[in-house]
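Novice: Handing you this structure, nothing more for now.
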Protein chains: 2
Amino acid sequence: MKSPHQDDSVANDRSQTPASVPAPVVSRLSLYLRELQRFQQRGWETVSSTQLGAELGFTDAQVRKDLAYFGQFGYPGVGYRCMELVAAIRGILGTDRTWNVALVGLGNLGRALLGHRGFHQQGFRITAAFDVAPELVGKTVEGVPVCSMEELAAVVQRESLKLAIITVPASNAQAVADQLIRAGIAGILNFAPVTLNVPSHVRVVGVDLALELEQLTYAVLQRAAQGD
Amino acid sequence: MKSPHQDDSVANDRSQTPASVPAPVVSRLSLYLRELQRFQQRGWETVSSTQLGAELGFTDAQVRKDLAYFGQFGYPGVGYRCMELVAAIRGILGTDRTWNVALVGLGNLGRALLGHRGFHQQGFRITAAFDVAPELVGKTVEGVPVCSMEELAAVVQRESLKLAIITVPASNAQAVADQLIRAGIAGILNFAPVTLNVPSHVRVVGVDLALELEQLTYAVLQRAAQGD
DNA sequence: TAGATTGTTAATCGATTAACAATC
DNA sequence: TAGATTGTTAATCGATTAACAATC
């Protein structure tokens, strides 16, 4: 077994990322990061895979296996140094830098996201907003200038934006996605309740609030049918 | 093979739901429902497992296997009748009735959700809102009365609420969850960026916006490292 | 040193896919 | 009938867990 300290150049070499990491691993990576930051806040210097996993409901083996996809970050007999692992995961996820994000659709939800504080803290910044409503275009909402849909390609290209959030009605979502992708967007966070059809080089994460609530109603009914 | 029409009493018997259906199956069920409703809008009478799956990027076998957990809904040689399957899935998920939902935390996001149209359409209605801010308590936001946290237990019990949405800061989320659960809430949609600790009879679905964006940055970086 | 904990391999578990008889 | 498509079983695939030598 090799400690990171014995060979930093290998242990911290993030370009050695394997061809393909299972998607569940990457989403747990985000959870580890979130949890590690909480351990840091509580003043922990190090944390073991058992402690980190327990907090999230995972086994210690899973934590170690997941991290092992990306390198060796731990110290046998000690655990993981919180600060180091936070830095490593941010590097892997790409949140060691700030990402500027485009937002399309200034309805209730879009406006809320513009004013959302949680983004900044994790390295995201909405720098451009778009809407079809003429009365909004040209104005500034939450400090972000609102542009027309016609300006989208130009703005996305000028600012080299790679990420976009879609908060338009379902009926327009696919057209907006097409437009964003043509402009060069590579990752879309989609709040419209439709499955977007995108080329393979574009990644979509969908958040459908009704759909999430349905998972809850199902669970509640199940419990009611059995337990009570 | 038995057609639903040959024995309705068995095919439609939702109480025959197996002890435990894998979680991924239930979340796909919601996707099937959403997609079926779109087929209906387009005027389709029936749809095959191949057609339904293609739209979502799943194999036909997966669609059939998933549905088979809950009964027999299809017609060999024909496919699934959209209207029937929509009704069946709504019955399974429990969205054939309306669910009243409590919302705690009237920040940007909470307010946006109060005014969110997508909920009503799928059978959800936020009927009670809570916040610590004295200047909000007693007022009405988007037609929903705002109560103090002290009133929470009474309101949840009076209205027999089973579902709640948490949109409070991370630092308060666990305490709010505890309070909700004590009041009788069984399902929580949590927007605070923390892992909630809840008893096994309570189900939590977490939506962490920064975390979703991290999945995108990772994917974008991967693509950049390989393709380009 | 003894105790703790890693990274990794092998064993297990569960979920997806393929195949096909049954059916309309 | 012939063509299409289901529900289901068996085969495959992938992900999780257990176990343990290596290490601090």
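As shown in the structure tokens, the chain order sets the letters A, B, ...; within each chain, residues go from 1, and ligands are also counted from 1 in the order they appear.
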Once DSSP has gone over the backbone, tell me which residues of stretch 8-207 of chain B are in helix (DSSP H, G or I), as a PyMOL selection string.
Specialist: chain B and resi 8-11+14-16+23-41+49-56+60-68+82-93+108-114+118-121+149-158+170-183
Novice: Need the shell around C:DT8: protein/DNA/RNA residues with any atom at most 12 Å away, counting only C-alpha atoms (C1' of nucleotides). Skip same-chain ones fewer than 2 positions apart. Format as a compact mmCIF listing (two decimals) with all heavy atoms, in the first residue's frame?
Specialist:
# COMPACT_ATOMS: atom_id res chain seq x y z
N MET A 1 0.84 -1.22 0.00
CA MET A 1 0.00 0.00 0.00
C MET A 1 0.87 1.25 0.00
O MET A 1 1.88 1.33 0.68
CB MET A 1 -0.89 -0.01 1.24
CG MET A 1 -1.75 1.23 1.32
SD MET A 1 -3.18 0.94 2.33
CE MET A 1 -3.85 -0.49 1.56
N LYS A 2 0.44 2.22 -0.74
CA LYS A 2 1.25 3.42 -0.90
C LYS A 2 0.53 4.63 -0.33
O LYS A 2 -0.64 4.88 -0.61
CB LYS A 2 1.51 3.62 -2.38
CG LYS A 2 2.43 4.80 -2.67
CD LYS A 2 2.99 4.69 -4.07
CE LYS A 2 1.89 4.45 -5.08
NZ LYS A 2 2.40 4.21 -6.41
N ALA A 61 -16.83 0.22 3.00
CA ALA A 61 -16.24 -0.33 1.79
C ALA A 61 -16.62 0.49 0.56
O ALA A 61 -15.81 0.73 -0.33
CB ALA A 61 -16.68 -1.78 1.60
N ARG A 64 -14.59 3.74 0.35
CA ARG A 64 -13.21 3.52 -0.11
C ARG A 64 -13.16 3.15 -1.58
O ARG A 64 -12.33 3.65 -2.33
CB ARG A 64 -12.54 2.44 0.75
CG ARG A 64 -12.33 2.84 2.19
CD ARG A 64 -11.31 1.97 2.88
NE ARG A 64 -11.65 0.56 2.88
CZ ARG A 64 -12.50 0.00 3.75
NH1 ARG A 64 -13.05 0.72 4.70
NH2 ARG A 64 -12.75 -1.30 3.69
N LYS A 65 -14.08 2.30 -1.99
CA LYS A 65 -14.11 1.87 -3.40
C LYS A 65 -14.38 3.05 -4.32
O LYS A 65 -13.74 3.19 -5.36
CB LYS A 65 -15.19 0.80 -3.57
CG LYS A 65 -15.18 0.11 -4.91
CD LYS A 65 -14.63 -1.30 -4.78
CE LYS A 65 -14.00 -1.84 -6.04
NZ LYS A 65 -14.94 -1.93 -7.14
N ASP A 66 -15.32 3.87 -3.94
CA ASP A 66 -15.66 5.03 -4.76
C ASP A 66 -14.44 5.94 -4.94
O ASP A 66 -14.10 6.33 -6.06
CB ASP A 66 -16.80 5.84 -4.11
CG ASP A 66 -18.15 5.16 -4.25
OD1 ASP A 66 -18.26 4.22 -5.06
OD2 ASP A 66 -19.11 5.57 -3.55
N LEU A 67 -13.79 6.26 -3.83
CA LEU A 67 -12.65 7.17 -3.90
C LEU A 67 -11.51 6.55 -4.69
O LEU A 67 -10.79 7.25 -5.40
CB LEU A 67 -12.19 7.53 -2.48
CG LEU A 67 -13.20 8.33 -1.65
CD1 LEU A 67 -12.69 8.54 -0.24
CD2 LEU A 67 -13.51 9.66 -2.31
N ALA A 68 -11.39 5.23 -4.60
CA ALA A 68 -10.29 4.54 -5.27
C ALA A 68 -10.37 4.68 -6.79
O ALA A 68 -9.36 4.49 -7.48
CB ALA A 68 -10.28 3.07 -4.87
N TYR A 69 -11.54 5.01 -7.32
CA TYR A 69 -11.64 5.24 -8.76
C TYR A 69 -10.74 6.38 -9.22
O TYR A 69 -10.33 6.46 -10.37
CB TYR A 69 -13.08 5.58 -9.17
CG TYR A 69 -13.96 4.39 -9.40
CD1 TYR A 69 -14.84 3.95 -8.42
CD2 TYR A 69 -13.93 3.71 -10.61
CE1 TYR A 69 -15.66 2.86 -8.62
CE2 TYR A 69 -14.74 2.61 -10.84
CZ TYR A 69 -15.60 2.20 -9.84
OH TYR A 69 -16.41 1.12 -10.05
N GLN A 72 -5.42 7.56 -4.69
CA GLN A 72 -5.23 7.19 -3.29
C GLN A 72 -5.20 8.45 -2.46
O GLN A 72 -4.30 9.28 -2.60
CB GLN A 72 -3.93 6.40 -3.13
CG GLN A 72 -3.92 5.14 -3.96
CD GLN A 72 -2.75 4.24 -3.61
OE1 GLN A 72 -2.86 3.02 -3.68
NE2 GLN A 72 -1.64 4.82 -3.22
P DT C 6 -10.19 4.38 6.34
OP1 DT C 6 -10.79 5.71 6.38
OP2 DT C 6 -11.05 3.17 6.43
O5' DT C 6 -9.27 4.25 5.06
C5' DT C 6 -8.10 5.07 4.94
C4' DT C 6 -7.00 4.30 4.25
O4' DT C 6 -6.77 3.07 4.98
C3' DT C 6 -7.34 3.89 2.82
O3' DT C 6 -6.59 4.68 1.91
C2' DT C 6 -6.96 2.41 2.72
C1' DT C 6 -6.44 2.04 4.09
N1 DT C 6 -7.02 0.77 4.63
C2 DT C 6 -6.31 -0.40 4.48
O2 DT C 6 -5.24 -0.46 3.90
N3 DT C 6 -6.91 -1.52 5.02
C4 DT C 6 -8.13 -1.57 5.69
O4 DT C 6 -8.54 -2.63 6.15
C5 DT C 6 -8.82 -0.30 5.81
C7 DT C 6 -10.14 -0.25 6.50
C6 DT C 6 -8.24 0.80 5.28
P DA C 10 -8.51 -11.67 -7.21
OP1 DA C 10 -7.46 -12.57 -7.69
OP2 DA C 10 -9.32 -10.88 -8.16
O5' DA C 10 -9.53 -12.47 -6.30
C5' DA C 10 -9.41 -12.48 -4.87
C4' DA C 10 -10.70 -12.99 -4.27
O4' DA C 10 -11.53 -11.84 -3.93
C3' DA C 10 -11.55 -13.87 -5.17
O3' DA C 10 -12.16 -14.87 -4.34
C2' DA C 10 -12.55 -12.89 -5.79
C1' DA C 10 -12.76 -11.91 -4.63
N9 DA C 10 -13.12 -10.55 -5.03
C8 DA C 10 -12.69 -9.83 -6.11
N7 DA C 10 -13.19 -8.62 -6.20
C5 DA C 10 -14.02 -8.54 -5.09
C6 DA C 10 -14.85 -7.51 -4.59
N6 DA C 10 -14.97 -6.31 -5.19
N1 DA C 10 -15.54 -7.75 -3.46
C2 DA C 10 -15.40 -8.93 -2.86
N3 DA C 10 -14.66 -9.98 -3.23
C4 DA C 10 -13.99 -9.71 -4.36
P DA D 18 -21.24 -6.75 4.15
OP1 DA D 18 -22.32 -7.39 4.92
OP2 DA D 18 -20.68 -5.45 4.58
O5' DA D 18 -20.05 -7.80 3.99
C5' DA D 18 -20.14 -8.78 2.96
C4' DA D 18 -18.89 -9.63 2.96
O4' DA D 18 -17.95 -9.11 1.98
C3' DA D 18 -18.12 -9.67 4.28
O3' DA D 18 -17.58 -10.98 4.39
C2' DA D 18 -17.05 -8.59 4.10
C1' DA D 18 -16.74 -8.73 2.61
N9 DA D 18 -16.29 -7.53 1.92
C8 DA D 18 -16.76 -6.24 2.08
N7 DA D 18 -16.18 -5.37 1.29
C5 DA D 18 -15.28 -6.13 0.55
C6 DA D 18 -14.35 -5.79 -0.46
N6 DA D 18 -14.19 -4.55 -0.92
N1 DA D 18 -13.60 -6.78 -0.99
C2 DA D 18 -13.78 -8.03 -0.53
N3 DA D 18 -14.62 -8.47 0.43
C4 DA D 18 -15.33 -7.45 0.93
P DA D 19 -16.70 -11.41 5.67
OP1 DA D 19 -17.06 -12.81 5.95
OP2 DA D 19 -16.79 -10.37 6.72
O5' DA D 19 -15.22 -11.38 5.07
C5' DA D 19 -14.96 -11.98 3.81
C4' DA D 19 -13.48 -11.84 3.49
O4' DA D 19 -13.24 -10.55 2.87
C3' DA D 19 -12.57 -11.90 4.72
O3' DA D 19 -11.38 -12.55 4.35
C2' DA D 19 -12.32 -10.43 5.02
C1' DA D 19 -12.24 -9.86 3.61
N9 DA D 19 -12.52 -8.43 3.48
C8 DA D 19 -13.35 -7.65 4.24
N7 DA D 19 -13.40 -6.39 3.87
C5 DA D 19 -12.54 -6.33 2.79
C6 DA D 19 -12.15 -5.29 1.95
N6 DA D 19 -12.59 -4.03 2.07
N1 DA D 19 -11.27 -5.57 0.96
C2 DA D 19 -10.83 -6.83 0.83
N3 DA D 19 -11.12 -7.91 1.55
C4 DA D 19 -11.99 -7.59 2.53
P DC D 20 -10.38 -13.09 5.48
OP1 DC D 20 -10.29 -14.55 5.27
OP2 DC D 20 -10.76 -12.54 6.80
O5' DC D 20 -8.99 -12.43 5.06
C5' DC D 20 -8.62 -12.31 3.68
C4' DC D 20 -7.51 -11.28 3.56
O4' DC D 20 -8.08 -9.97 3.34
C3' DC D 20 -6.65 -11.16 4.82
O3' DC D 20 -5.31 -10.91 4.44
C2' DC D 20 -7.22 -9.92 5.50
C1' DC D 20 -7.47 -9.08 4.25
N1 DC D 20 -8.34 -7.90 4.45
C2 DC D 20 -8.23 -6.82 3.56
O2 DC D 20 -7.44 -6.91 2.61
N3 DC D 20 -9.01 -5.73 3.76
C4 DC D 20 -9.85 -5.69 4.79
N4 DC D 20 -10.59 -4.59 4.94
C5 DC D 20 -9.97 -6.77 5.70
C6 DC D 20 -9.21 -7.86 5.50
P DA D 21 -4.13 -11.74 5.07
OP1 DA D 21 -4.41 -13.15 4.76
OP2 DA D 21 -3.96 -11.28 6.47
O5' DA D 21 -2.87 -11.27 4.22
C5' DA D 21 -2.94 -11.26 2.79
C4' DA D 21 -2.35 -9.98 2.25
O4' DA D 21 -3.24 -8.87 2.57
C3' DA D 21 -0.99 -9.62 2.84
O3' DA D 21 -0.22 -8.98 1.82
C2' DA D 21 -1.36 -8.64 3.95
C1' DA D 21 -2.54 -7.91 3.34
N9 DA D 21 -3.50 -7.37 4.32
C8 DA D 21 -3.96 -7.96 5.45
N7 DA D 21 -4.82 -7.23 6.11
C5 DA D 21 -4.94 -6.08 5.35
C6 DA D 21 -5.71 -4.92 5.51
N6 DA D 21 -6.54 -4.73 6.53
N1 DA D 21 -5.59 -3.97 4.56
C2 DA D 21 -4.76 -4.18 3.53
N3 DA D 21 -3.99 -5.23 3.27
C4 DA D 21 -4.14 -6.15 4.23
P DA D 22 1.18 -8.29 2.14
OP1 DA D 22 2.03 -8.46 0.93
OP2 DA D 22 1.66 -8.79 3.46
O5' DA D 22 0.84 -6.76 2.29
C5' DA D 22 0.41 -6.02 1.15
C4' DA D 22 0.36 -4.55 1.51
O4' DA D 22 -0.69 -4.33 2.50
C3' DA D 22 1.65 -4.00 2.13
O3' DA D 22 1.91 -2.74 1.52
C2' DA D 22 1.33 -3.87 3.60
C1' DA D 22 -0.17 -3.59 3.58
N9 DA D 22 -0.90 -4.02 4.76
C8 DA D 22 -0.80 -5.21 5.43
N7 DA D 22 -1.60 -5.34 6.46
C5 DA D 22 -2.27 -4.12 6.48
C6 DA D 22 -3.29 -3.61 7.34
N6 DA D 22 -3.79 -4.28 8.38
N1 DA D 22 -3.76 -2.36 7.07
C2 DA D 22 -3.25 -1.69 6.04
N3 DA D 22 -2.31 -2.06 5.15
C4 DA D 22 -1.87 -3.30 5.44
Novice: Find the residues in chain A near chain C: any atom within 6 Å counts, using only C-alpha atoms (C1' of nucleotides). Write them as a PDB file with N, CA and C atoms, in the first residue's frame.
Specialist:
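Listing of part-v1.pdb after writing:
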ATOM      1  N   TYR A  75      -4.887   7.648   4.451  1.00  0.00           N
ATOM      2  CA  TYR A  75      -3.716   7.230   5.189  1.00  0.00           C
ATOM      3  C   TYR A  75      -4.081   6.034   6.042  1.00  0.00           C
ATOM      4  N   PRO A  76      -3.530   4.854   5.731  1.00  0.00           N
ATOM      5  CA  PRO A  76      -3.847   3.663   6.521  1.00  0.00           C
ATOM      6  C   PRO A  76      -3.617   3.925   8.006  1.00  0.00           C
ATOM      7  N   GLY A  77      -4.555   3.516   8.815  1.00  0.00           N
ATOM      8  CA  GLY A  77      -4.450   3.707  10.258  1.00  0.00           C
ATOM      9  C   GLY A  77      -4.934   5.068  10.713  1.00  0.00           C
ATOM     10  N   VAL A  78      -5.156   5.980   9.759  1.00  0.00           N
ATOM     11  CA  VAL A  78      -5.518   7.357  10.114  1.00  0.00           C
ATOM     12  C   VAL A  78      -6.877   7.760   9.548  1.00  0.00           C
TER      13      VAL A  78
END
Novice: I'd like a table as a Markdown table: residues in chain A with an atom no more than 6 Å from chain B, each row giving the shortest atom pair and its distance in Å to one decimal, only C-alpha atoms counted, sorted by chain and rising residue number.
Specialist:
| residue | atom | partner | partner_atom | distance |
| --- | --- | --- | --- | --- |
| A:Ser30 | CA | B:Leu211 | CA | 6.0 |
| A:Leu93 | CA | B:Tyr218 | CA | 4.6 |
| A:Gly94 | CA | B:Thr217 | CA | 5.9 |
| A:Asn108 | CA | B:Ala112 | CA | 4.8 |
| A:Leu109 | CA | B:Ala112 | CA | 5.2 |
| A:Ala112 | CA | B:Asn108 | CA | 4.8 |
| A:Phe119 | CA | B:Ala210 | CA | 5.7 |
| A:Gly187 | CA | B:Leu216 | CA | 5.3 |
| A:Ala210 | CA | B:Phe119 | CA | 5.7 |
| A:Leu211 | CA | B:Ser30 | CA | 6.0 |
| A:Leu216 | CA | B:Gly187 | CA | 5.3 |
| A:Thr217 | CA | B:Gly94 | CA | 5.9 |
| A:Tyr218 | CA | B:Leu93 | CA | 4.6 |
Novice: Filtering to C-alpha atoms, could you give me those residues as a short mmCIF file (atom, residue, chain, number, x, y, z; two decimals), in the first residue's frame?
Specialist:
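The new file again-v3.cif reads:
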data_model
loop_
_atom_site.label_atom_id
_atom_site.label_comp_id
_atom_site.auth_asym_id
_atom_site.auth_seq_id
_atom_site.Cartn_x
_atom_site.Cartn_y
_atom_site.Cartn_z
CA SER A 30 -20.78 15.10 -4.45
CA LEU A 93 -15.70 17.47 -9.99
CA GLY A 94 -14.25 20.69 -11.39
CA ASN A 108 -41.21 31.94 -10.43
CA LEU A 109 -38.59 29.25 -10.33
CA ALA A 112 -35.76 32.14 -7.33
CA PHE A 119 -24.83 28.41 -5.79
CA GLY A 187 -24.41 20.63 -19.60
CA ALA A 210 -43.85 16.68 -9.25
CA LEU A 211 -41.90 13.54 -10.02
CA LEU A 216 -42.83 10.29 -1.68
CA THR A 217 -46.50 9.48 -2.18
CA TYR A 218 -45.59 5.98 -3.30
#
Novice: Give me, please, the distance in Å between atom CA of B:Ala87 and atom CA of B:Phe73, quoted to one decimal.
Specialist: 10.5 Å
Novice: Run DSSP on the backbone of this structure and report the residues of stretch 101-224 of chain B it assigns to strand (DSSP E or B), as a PyMOL selection string.
Specialist: chain B and resi 101-104+124-130+140-141+144-147+163-166+187-190+203-206
Novice: In Å, rounded to a single decimal, give me how far atom CA of B:Ser200 is from atom CA of A:Tyr32.
Specialist: 21.9 Å
Novice: Counting only C-alpha atoms (C1' of nucleotides), what is within 8 Å of B:Ala153, bar same-chain residues fewer than 3 positions away, as a ChimeraX atom specification?
Specialist: /B:150,156-157,179-180,182-183
Novice: So that I have them on file, write out the residues from the current selection with N, CA and C atoms, as an mmCIF file, in the first residue's frame.
Specialist:
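Output file part.cif follows:
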data_model
loop_
_atom_site.group_PDB
_atom_site.id
_atom_site.type_symbol
_atom_site.label_atom_id
_atom_site.label_comp_id
_atom_site.auth_asym_id
_atom_site.auth_seq_id
_atom_site.Cartn_x
_atom_site.Cartn_y
_atom_site.Cartn_z
ATOM 1 N N GLU B 150 -44.501 27.542 15.636
ATOM 2 C CA GLU B 150 -45.174 27.022 16.827
ATOM 3 C C GLU B 150 -46.503 26.351 16.464
ATOM 4 N N VAL B 156 -50.494 20.623 10.867
ATOM 5 C CA VAL B 156 -50.216 19.358 10.183
ATOM 6 C C VAL B 156 -51.226 18.304 10.633
ATOM 7 N N GLN B 157 -51.510 18.291 11.931
ATOM 8 C CA GLN B 157 -52.442 17.289 12.442
ATOM 9 C C GLN B 157 -53.878 17.586 12.028
ATOM 10 N N GLN B 179 -39.199 18.312 13.736
ATOM 11 C CA GLN B 179 -40.485 18.870 14.125
ATOM 12 C C GLN B 179 -41.615 18.338 13.225
ATOM 13 N N LEU B 180 -41.342 18.298 11.940
ATOM 14 C CA LEU B 180 -42.336 17.800 10.984
ATOM 15 C C LEU B 180 -42.683 16.345 11.272
ATOM 16 N N ARG B 182 -42.343 14.664 14.072
ATOM 17 C CA ARG B 182 -43.108 14.566 15.321
ATOM 18 C C ARG B 182 -44.583 14.895 15.083
ATOM 19 N N ALA B 183 -44.813 15.790 14.136
ATOM 20 C CA ALA B 183 -46.192 16.201 13.856
ATOM 21 C C ALA B 183 -46.929 15.180 12.986
#
Novice: Within 7 Å of B:Gly138, counting only C-alpha atoms (C1' of nucleotides), which residues qualify if same-chain residues fewer than 6 places away don't, as a list of chain:residue names?
Specialist: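 Returned residues: B:Pro145, B:Val146, B:Cys147.
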Novice: Identify, on the basis of only C-alpha atoms (C1' of nucleotides), every residue whose closest approach to B:Gly79 does not exceed 7 Å; exclude the query and any residue fewer than 6 positions from it along the same chain; express the result as a ChimeraX atom specification.
Specialist: /B:46-49 /D:5
Novice: Using all heavy atoms, can you write the selected residues to a file as a PDB file, in the first residue's frame?
Specialist:
ATOM      1  N   THR B  46     -52.748   3.807 -28.204  1.00  0.00           N
ATOM      2  CA  THR B  46     -51.907   2.790 -27.581  1.00  0.00           C
ATOM      3  C   THR B  46     -50.443   3.112 -27.836  1.00  0.00           C
ATOM      4  O   THR B  46     -50.112   3.884 -28.733  1.00  0.00           O
ATOM      5  CB  THR B  46     -52.188   1.388 -28.162  1.00  0.00           C
ATOM      6  OG1 THR B  46     -51.802   1.367 -29.540  1.00  0.00           O
ATOM      7  CG2 THR B  46     -53.656   1.027 -28.040  1.00  0.00           C
ATOM      8  N   VAL B  47     -49.581   2.487 -27.034  1.00  0.00           N
ATOM      9  CA  VAL B  47     -48.138   2.674 -27.207  1.00  0.00           C
ATOM     10  C   VAL B  47     -47.460   1.356 -26.836  1.00  0.00           C
ATOM     11  O   VAL B  47     -47.911   0.666 -25.917  1.00  0.00           O
ATOM     12  CB  VAL B  47     -47.635   3.843 -26.341  1.00  0.00           C
ATOM     13  CG1 VAL B  47     -47.735   3.504 -24.864  1.00  0.00           C
ATOM     14  CG2 VAL B  47     -46.211   4.234 -26.696  1.00  0.00           C
ATOM     15  N   SER B  48     -46.417   0.990 -27.552  1.00  0.00           N
ATOM     16  CA  SER B  48     -45.705  -0.252 -27.241  1.00  0.00           C
ATOM     17  C   SER B  48     -44.565   0.018 -26.275  1.00  0.00           C
ATOM     18  O   SER B  48     -44.118   1.161 -26.130  1.00  0.00           O
ATOM     19  CB  SER B  48     -45.155  -0.881 -28.516  1.00  0.00           C
ATOM     20  OG  SER B  48     -44.062  -0.133 -28.996  1.00  0.00           O
ATOM     21  N   SER B  49     -44.080  -1.028 -25.644  1.00  0.00           N
ATOM     22  CA  SER B  49     -42.960  -0.873 -24.712  1.00  0.00           C
ATOM     23  C   SER B  49     -41.737  -0.324 -25.445  1.00  0.00           C
ATOM     24  O   SER B  49     -40.961   0.436 -24.871  1.00  0.00           O
ATOM     25  CB  SER B  49     -42.633  -2.211 -24.061  1.00  0.00           C
ATOM     26  OG  SER B  49     -42.384  -3.199 -25.037  1.00  0.00           O
TER      27      SER B  49
ATOM     28  P    DT D   5     -45.769  -3.695 -32.552  1.00  0.00           P
ATOM     29  OP1  DT D   5     -46.403  -2.364 -32.449  1.00  0.00           O
ATOM     30  OP2  DT D   5     -44.353  -3.860 -32.950  1.00  0.00           O
ATOM     31  O5'  DT D   5     -45.958  -4.437 -31.167  1.00  0.00           O
ATOM     32  C5'  DT D   5     -47.252  -4.476 -30.556  1.00  0.00           C
ATOM     33  C4'  DT D   5     -47.161  -5.394 -29.367  1.00  0.00           C
ATOM     34  O4'  DT D   5     -46.990  -6.761 -29.825  1.00  0.00           O
ATOM     35  C3'  DT D   5     -45.977  -5.113 -28.449  1.00  0.00           C
ATOM     36  O3'  DT D   5     -46.443  -4.878 -27.142  1.00  0.00           O
ATOM     37  C2'  DT D   5     -45.132  -6.353 -28.528  1.00  0.00           C
ATOM     38  C1'  DT D   5     -46.187  -7.399 -28.869  1.00  0.00           C
ATOM     39  N1   DT D   5     -45.627  -8.653 -29.400  1.00  0.00           N
ATOM     40  C2   DT D   5     -46.130  -9.836 -28.930  1.00  0.00           C
ATOM     41  O2   DT D   5     -47.042  -9.902 -28.133  1.00  0.00           O
ATOM     42  N3   DT D   5     -45.530 -10.961 -29.436  1.00  0.00           N
ATOM     43  C4   DT D   5     -44.494 -11.005 -30.345  1.00  0.00           C
ATOM     44  O4   DT D   5     -44.046 -12.078 -30.708  1.00  0.00           O
ATOM     45  C5   DT D   5     -44.010  -9.727 -30.801  1.00  0.00           C
ATOM     46  C7   DT D   5     -42.878  -9.668 -31.769  1.00  0.00           C
ATOM     47  C6   DT D   5     -44.592  -8.625 -30.308  1.00  0.00           C
TER      48       DT D   5
END
Novice: Quote the spacing between atom CA of A:Asp60 and atom CA of B:Asp178 in Å to one decimal place.
Specialist: 26.6 Å
